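Asks: A single structure is presented below for examination.
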Amino acid sequence: MKFSIASSIAALLQIALIGALEQKPIRRVGIIGSGVAGLTLAHALQELDQVEIFDARSELNRKEGAGFQLNGGLASFEADLQRAVAEAGMPLEGIQSRSKAWFGKTENQDYSTLLQLNINELIRQASEEVSDELLDDDGNAKWTAITRGALQEVLRNNLPSSVPIRFNKKLTSINEHESGGVLCGFDDGSCSGPFDMVVGCDGIRSATKEFVNTAKIEEKKTSLPPSNAIYSGIRIRFAVVDETVEEKQTSGTKLTQYFGDGGYALHGKFGAGKGRPLTSMAVFVYLDENYIGPFQVAKERKDRVTVGENADWTQTVEQQLESSRSNMLSQLTAFNIPDKDKALESVIRNADRIYELGSYFHNPFTRWSRILKNGSCVVLCGDAAHAMPPFLGQGSNQAIQSAYCLGNKILEYNQQLEDENGDLTLEKTLATYREVRWKPTFNILWKALFLGYLETGGGNGIYSKPRDSFFQLMGAVGVAKGVLLGAAVPKIR
């Protein structure tokens with residue numbers, strides 16, 4: 001991020017101008033992106049006069065993407081929606097980590113167990129602040145494993161018909177309307193608005209973020225790396241397969257992490273919607289050989305960093321399925337992954353979709369909103385505001401929390417204007433939203449980055465054994481539990 005005297009003066013002038021503007025309620029909202037953040041924000045603001053969602057995709061595909069664990073995000077939903085999401089997912093009962101048998105065999109297995117957590121017991125034994133947030137009325141954990149597509153499906157199906165989703169709408173311009181509000185232009189030549197507020201929930205490759213940072217949107221080729229994003233130098237492969245009806249589970253599920261040399265793996269089963277068979281997933285995380293951390297050290301094969309990003313599931317993976325399967329099976333051996341029960345291998349061999357993505361994150365010190373001269377505003381939410389590597393499993397959880405936080409702040413601002421009570425301004429409202437959400441997302445960002453680099457074990461597994469010793473110690477003294485619960489507790493107000 002560049003700083004200059006000129007930009008500082010411009011910012012001060014904008015603040016002075018905003019202070020002189022008449023404060024107007026936010027009644028018309030355009031949401032760019034129908035991912036988890038965009039759909040959640042639509043729920044939070046559904047009672048406004050006009051809420052519309054725009055998405056560059058042609059549809060919401062239920063089989064798009066992989067799976068994740070919801071905890072603080074699940075706890076943030078209002079009661080009916082929380083139940084619907086929990087029914088579409090699977091209760092996550094436990095998390096465990098394995099490594100090579102550095103520390104002796106366990107139960108005659110040729111691996112060491114570094115960490116084994118029972119989610120329900122963990123939360124029940126935690127502080128009252130944690131248990132109040134993460135236990136339901138029956139004493140069960142608000143912690144579920146669910147596919148990305150199933151979550152989007154539930155969020156969309158529970159929206160009122162008054163909130164439309166308009167597909168095939170790629171944002172290309174944002175302009176002030178002469179009579180007030182914001183106009184959004186799209187690549188099909190159409191224009192929508194005016195809106196009192198436009199919210200960018202358009203992920204890593206966020207055109208809205210570009211406008212917030214620079215007051216314009218530049219035309220870019222889709223092959224270029226995500227705008228305003230930093231590549232971590234860590235790559236992720238997902239192998240995904242839908243189970244048969246006979247293999248459907250009715251109880252909970254577990255996530256197992258496998259530490260190897262130069263990479264690690266994750267296996268789990270995820271709910272794919274109420275009444276549907278589960279979806280199994282095998283994940284490999286490894287270092288890009290052309291990078292040391294986020295710094296490129298080799299010029300060749302630069303195309304590798306532009307394959308995709310955290311939430312880009314648009315690759316034509318079916319055409320590369322056999323080669324991707326072969327690559328993952330080779331990694332299973334090369335990384336010495338302790339897959340003694342063949343859980344990872346089984347998913348890889350049966351996968352009907354495999355994705356390879358680069359992990360990106362945003363500079364956390366950039367702005368999250370821009371108030372225009374006519375009093376309307378453009379705001380960021382979810383990955384567009386605080387994208388982070390997925391190594392603490394918190395991307396979607398934090399997107400949901402930010403959506404509810406922003407929604408609550410806007411409703412409070414409107415209510416105060418209606419009551420003619422207090423001095424709350426739009427500027428203060430948006431500043432408070434960022435203040436509430438910046439600290440938890442920044443804390444998760446640096447911890448997730450640290451874990452991402454640590455858990456791979458380094459190039460060629462150079463620090464695999466010290467890593468495994470570290471995780472065994474962190475599990476024994478309770479630090480791992482503290483980090484997990486600290487990230488899971490929702491922070492909205």
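Going by the structure tokens order, chains are called A, B, ..., each with residues numbered from 1, while ligands are numbered from 1 in the order shown.
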Write out, as JSON lines, each residue of segment 92-175 of chain A that has an atom at most 12 Å from segment 197-200 of chain A, together with the closest pair of atoms and their distance in Å to one decimal, counting only C-alpha atoms, rows going by chain and rising number.
Replies:
{"residue": "A:Lys170", "atom": "CA", "partner": "A:Gly200", "partner_atom": "CA", "distance": 11.9}
{"residue": "A:Leu171", "atom": "CA", "partner": "A:Gly200", "partner_atom": "CA", "distance": 9.9}
{"residue": "A:Ser173", "atom": "CA", "partner": "A:Val198", "partner_atom": "CA", "distance": 11.7}
{"residue": "A:Ile174", "atom": "CA", "partner": "A:Val198", "partner_atom": "CA", "distance": 8.9}
{"residue": "A:Asn175", "atom": "CA", "partner": "A:Val198", "partner_atom": "CA", "distance": 10.7}
Asks: Pull N, CA and C atoms from the residues just selected and write them as an mmCIF file, in the first residue's frame.
Replies:
data_model
loop_
_atom_site.group_PDB
_atom_site.id
_atom_site.type_symbol
_atom_site.label_atom_id
_atom_site.label_comp_id
_atom_site.auth_asym_id
_atom_site.auth_seq_id
_atom_site.Cartn_x
_atom_site.Cartn_y
_atom_site.Cartn_z
ATOM 1 N N LYS A 170 -21.140 -9.605 -14.508
ATOM 2 C CA LYS A 170 -19.788 -9.295 -14.071
ATOM 3 C C LYS A 170 -19.634 -7.781 -13.956
ATOM 4 N N LEU A 171 -19.300 -7.311 -12.775
ATOM 5 C CA LEU A 171 -19.190 -5.874 -12.518
ATOM 6 C C LEU A 171 -18.032 -5.267 -13.300
ATOM 7 N N SER A 173 -18.162 -1.440 -13.776
ATOM 8 C CA SER A 173 -18.070 -0.010 -13.429
ATOM 9 C C SER A 173 -18.963 0.315 -12.250
ATOM 10 N N ILE A 174 -18.559 1.323 -11.494
ATOM 11 C CA ILE A 174 -19.355 1.892 -10.406
ATOM 12 C C ILE A 174 -19.326 3.406 -10.585
ATOM 13 N N ASN A 175 -20.499 4.021 -10.640
ATOM 14 C CA ASN A 175 -20.576 5.467 -10.875
ATOM 15 C C ASN A 175 -21.634 6.096 -9.985
#
Asks: What are the closest atom pairs, with distances in Å to one decimal, for each residue of segment 30-143 of chain A lying within 6 Å of segment 249-268 of chain A, using only C-alpha atoms, rows by chain and rising residue number, as CSV?
Replies:
residue,atom,partner,partner_atom,distance
A:Met90,CA,A:Gly252,CA,5.8
A:Pro91,CA,A:Gly252,CA,4.7
A:Leu92,CA,A:Thr253,CA,5.1
A:Glu93,CA,A:Gly252,CA,5.6
A:Gly94,CA,A:Lys254,CA,4.8
A:Ile95,CA,A:Leu255,CA,4.9
A:Gln96,CA,A:Thr256,CA,4.9
A:Ser97,CA,A:Gln257,CA,4.5
A:Arg98,CA,A:Tyr258,CA,4.9
A:Ser99,CA,A:Phe259,CA,4.8
Asks: Name the closest residue to Phe238 of chain A among the candidates A:Asp468, A:Glu153, A:Glu356, A:Glu176; distances are taken between atoms, counting only C-alpha atoms.
Replies: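 Between A:Asp468, A:Glu153, A:Glu356, A:Glu176, the residue approaching Phe238 of chain A most closely is A:Glu356.
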Asks: Tell me, as a list of chain:residue names, which residues lie within 10 Å of Cys377 of chain A, counting only C-alpha atoms; anything in the same chain fewer than 4 positions away does not count.
Replies: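 Contacts, in chain order: A:Ile26, A:Val29, A:Glu176, A:Gly181, A:Val182, A:Phe195, A:Asp196, A:Met197, A:Val198, A:Val199, A:Val212, A:Ser369, A:Arg370, A:Ile371, A:Leu372, A:Lys373, A:Leu426, A:Glu427, A:Leu430.
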Asks: How about saving the chosen residues, C-alpha atoms kept, as an mmCIF file, in the first residue's frame?
Replies:
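Result file follows (part.cif):
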data_model
loop_
_atom_site.group_PDB
_atom_site.id
_atom_site.type_symbol
_atom_site.label_atom_id
_atom_site.label_comp_id
_atom_site.auth_asym_id
_atom_site.auth_seq_id
_atom_site.Cartn_x
_atom_site.Cartn_y
_atom_site.Cartn_z
ATOM 1 C CA ILE A 26 -29.635 3.028 3.548
ATOM 2 C CA VAL A 29 -28.526 -2.200 -1.469
ATOM 3 C CA GLU A 176 -22.394 8.095 -8.864
ATOM 4 C CA GLY A 181 -26.969 6.746 -5.189
ATOM 5 C CA VAL A 182 -24.628 4.379 -7.019
ATOM 6 C CA PHE A 195 -28.304 1.986 -4.763
ATOM 7 C CA ASP A 196 -27.638 3.757 -1.484
ATOM 8 C CA MET A 197 -24.951 1.164 -0.782
ATOM 9 C CA VAL A 198 -23.071 -1.320 -2.946
ATOM 10 C CA VAL A 199 -21.365 -4.161 -1.061
ATOM 11 C CA VAL A 212 -12.752 1.114 -2.934
ATOM 12 C CA SER A 369 -15.160 1.283 2.310
ATOM 13 C CA ARG A 370 -15.471 4.447 0.242
ATOM 14 C CA ILE A 371 -18.142 7.107 0.787
ATOM 15 C CA LEU A 372 -18.983 9.020 -2.375
ATOM 16 C CA LYS A 373 -19.678 12.720 -2.778
ATOM 17 C CA LEU A 426 -22.540 6.754 7.876
ATOM 18 C CA GLU A 427 -18.811 7.377 8.246
ATOM 19 C CA LEU A 430 -18.642 1.968 8.479
#
Asks: Find the residues near segment 474-487 of chain A: any atom within 7 Å, counting only C-alpha atoms, skip ones fewer than 3 places away on the same chain, and give them as an MDAnalysis selection string.
Replies: chainID A and resid 115 444 470:471
Asks: If you keep N, CA and C atoms, can you produce a file of those selected residues as a CSV table (one decimal), in the first residue's frame?
Replies:
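That gives us result31.csv:
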chain,number,residue,atom,x,y,z
A,115,LEU,N,-2.5,-35.1,18.0
A,115,LEU,CA,-3.6,-34.3,18.5
A,115,LEU,C,-4.9,-35.1,18.3
A,444,ILE,N,-6.6,-14.0,12.8
A,444,ILE,CA,-6.7,-15.3,12.1
A,444,ILE,C,-5.8,-15.3,10.9
A,470,PHE,N,6.6,-30.0,17.8
A,470,PHE,CA,5.9,-28.8,18.2
A,470,PHE,C,4.4,-29.0,18.4
A,471,PHE,N,3.8,-29.7,17.4
A,471,PHE,CA,2.3,-29.9,17.5
A,471,PHE,C,2.0,-30.8,18.6
Asks: Write out as a VMD selection string the set of residues from segment 73-216 of chain A that DSSP, computed on the backbone, places in alpha helix (DSSP H).
Replies: chain A and resid 73 to 76 79 to 88 119 to 124 128 to 134 148 to 157 207 to 214
Asks: Go ahead and dump the residues you just picked, C-alpha atoms, as a compact mmCIF listing (two decimals), in the first residue's frame.
Replies:
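This is the output file part_27.txt:
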# COMPACT_ATOMS: atom_id res chain seq x y z
CA GLY A 73 -20.38 -18.75 11.40
CA LEU A 74 -23.05 -21.31 12.27
CA ALA A 75 -23.56 -19.70 15.68
CA SER A 76 -24.07 -16.32 14.00
CA ALA A 79 -32.28 -19.62 14.87
CA ASP A 80 -34.31 -20.95 11.90
CA LEU A 81 -31.46 -20.52 9.44
CA GLN A 82 -29.02 -22.07 11.90
CA ARG A 83 -31.20 -25.19 12.11
CA ALA A 84 -31.52 -25.41 8.33
CA VAL A 85 -27.75 -25.17 7.85
CA ALA A 86 -27.07 -27.73 10.60
CA GLU A 87 -29.52 -30.17 8.96
CA ALA A 88 -27.74 -29.77 5.62
CA ILE A 119 -15.38 -31.08 19.95
CA ASN A 120 -18.30 -31.41 22.38
CA GLU A 121 -16.06 -32.13 25.36
CA LEU A 122 -13.69 -29.34 24.36
CA ILE A 123 -16.45 -26.72 24.36
CA ARG A 124 -18.14 -28.01 27.52
CA GLU A 128 -18.72 -19.84 29.95
CA GLU A 129 -18.15 -17.25 27.25
CA VAL A 130 -17.15 -19.99 24.79
CA SER A 131 -19.79 -22.56 25.78
CA ASP A 132 -22.61 -19.97 25.69
CA GLU A 133 -21.73 -19.15 22.10
CA LEU A 134 -20.90 -22.61 20.76
CA ARG A 148 -19.76 -25.10 0.04
CA GLY A 149 -22.52 -25.87 -2.45
CA ALA A 150 -24.92 -27.15 0.21
CA LEU A 151 -24.43 -24.05 2.35
CA GLN A 152 -25.07 -21.74 -0.60
CA GLU A 153 -28.17 -23.77 -1.46
CA VAL A 154 -29.62 -23.41 2.05
CA LEU A 155 -28.88 -19.68 2.16
CA ARG A 156 -30.49 -19.10 -1.21
CA ASN A 157 -33.56 -21.27 -0.59
CA ALA A 207 -13.58 -5.49 -8.75
CA THR A 208 -15.37 -3.74 -5.89
CA LYS A 209 -12.19 -3.76 -3.81
CA GLU A 210 -10.35 -2.13 -6.67
CA PHE A 211 -12.94 0.66 -6.71
CA VAL A 212 -12.75 1.11 -2.93
CA ASN A 213 -8.96 1.43 -3.13
CA THR A 214 -8.62 3.51 -6.31
Asks: Enter the distance from atom CA of Ala145 of chain A to atom CA of Ser396 of chain A, in Å, rounded to one decimal.
Replies: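 Between atom CA of Ala145 of chain A and atom CA of Ser396 of chain A the gap is 11.8 Å.
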Asks: Any idea what's packed within 9 Å of Gln50 of chain A, counting only C-alpha atoms, ignoring anything in its chain fewer than 3 positions away? Could you give it as a list in words?
Replies: Arg27, Arg28, Val29, Gly30, Gln46, Glu47, Ser162, Val163 and Phe195 of chain A
Asks: Provide the atom CA of Ala403 of chain A to atom CA of Asp187 of chain A distance in Å, to one decimal place.
Replies: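 Value for the atom CA of Ala403 of chain A-atom CA of Asp187 of chain A distance: 26.0 Å.
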Asks: So what do you get for atom CA of Asn71 of chain A versus atom CA of Asp136 of chain A, distance-wise?
Replies: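 Separating atom CA of Asn71 of chain A from atom CA of Asp136 of chain A is a distance of 11.6 Å.
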Asks: Hey, what's within 10 Å of Lys491 of chain A if we count only C-alpha atoms and toss same-chain stuff fewer than 3 positions away? As a PyMOL selection string, please?
Replies: chain A and resi 72-73+76+398+401-402+405+436-437+439-441+487-488
Asks: Taking the backbone alone, and naming residues the way the document does, which bits of segment 319-445 of chain A are strand (DSSP E) by DSSP, as a PyMOL selection string?
Replies: chain A and resi 353-362+369-371+377-380
Asks: Can you tell me, as a PDB file with C-alpha atoms, in the first residue's frame, what residues are no more than 12 Å from Lys428 of chain A when counting only C-alpha atoms, ignoring any on the same chain fewer than 4 positions away?
Replies:
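Resulting contents of selection_37.pdb:
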ATOM      1  CA  ILE A  15     -13.794  13.330   5.699  1.00  0.00           C
ATOM      2  CA  ILE A  18     -18.690  13.657   4.400  1.00  0.00           C
ATOM      3  CA  GLY A  19     -19.241  15.571   7.618  1.00  0.00           C
ATOM      4  CA  GLN A  23     -27.200  11.785   6.534  1.00  0.00           C
ATOM      5  CA  SER A 369     -15.160   1.283   2.310  1.00  0.00           C
ATOM      6  CA  ILE A 371     -18.142   7.107   0.787  1.00  0.00           C
ATOM      7  CA  LYS A 409     -24.553  -1.682  11.833  1.00  0.00           C
ATOM      8  CA  ILE A 410     -26.578  -0.499   8.836  1.00  0.00           C
ATOM      9  CA  GLU A 412     -28.739   0.524  13.699  1.00  0.00           C
ATOM     10  CA  TYR A 413     -27.752   3.534  11.597  1.00  0.00           C
ATOM     11  CA  GLY A 422     -27.918  10.483  18.473  1.00  0.00           C
ATOM     12  CA  ASP A 423     -25.077  11.585  16.233  1.00  0.00           C
ATOM     13  CA  LEU A 424     -24.353   8.349  14.345  1.00  0.00           C
ATOM     14  CA  THR A 432     -17.176   0.800  13.529  1.00  0.00           C
ATOM     15  CA  TYR A 433     -17.886  -2.145  11.229  1.00  0.00           C
ATOM     16  CA  ARG A 434     -14.228  -2.274  10.209  1.00  0.00           C
ATOM     17  CA  GLU A 435     -13.049  -1.759  13.784  1.00  0.00           C
TER      18      GLU A 435
END
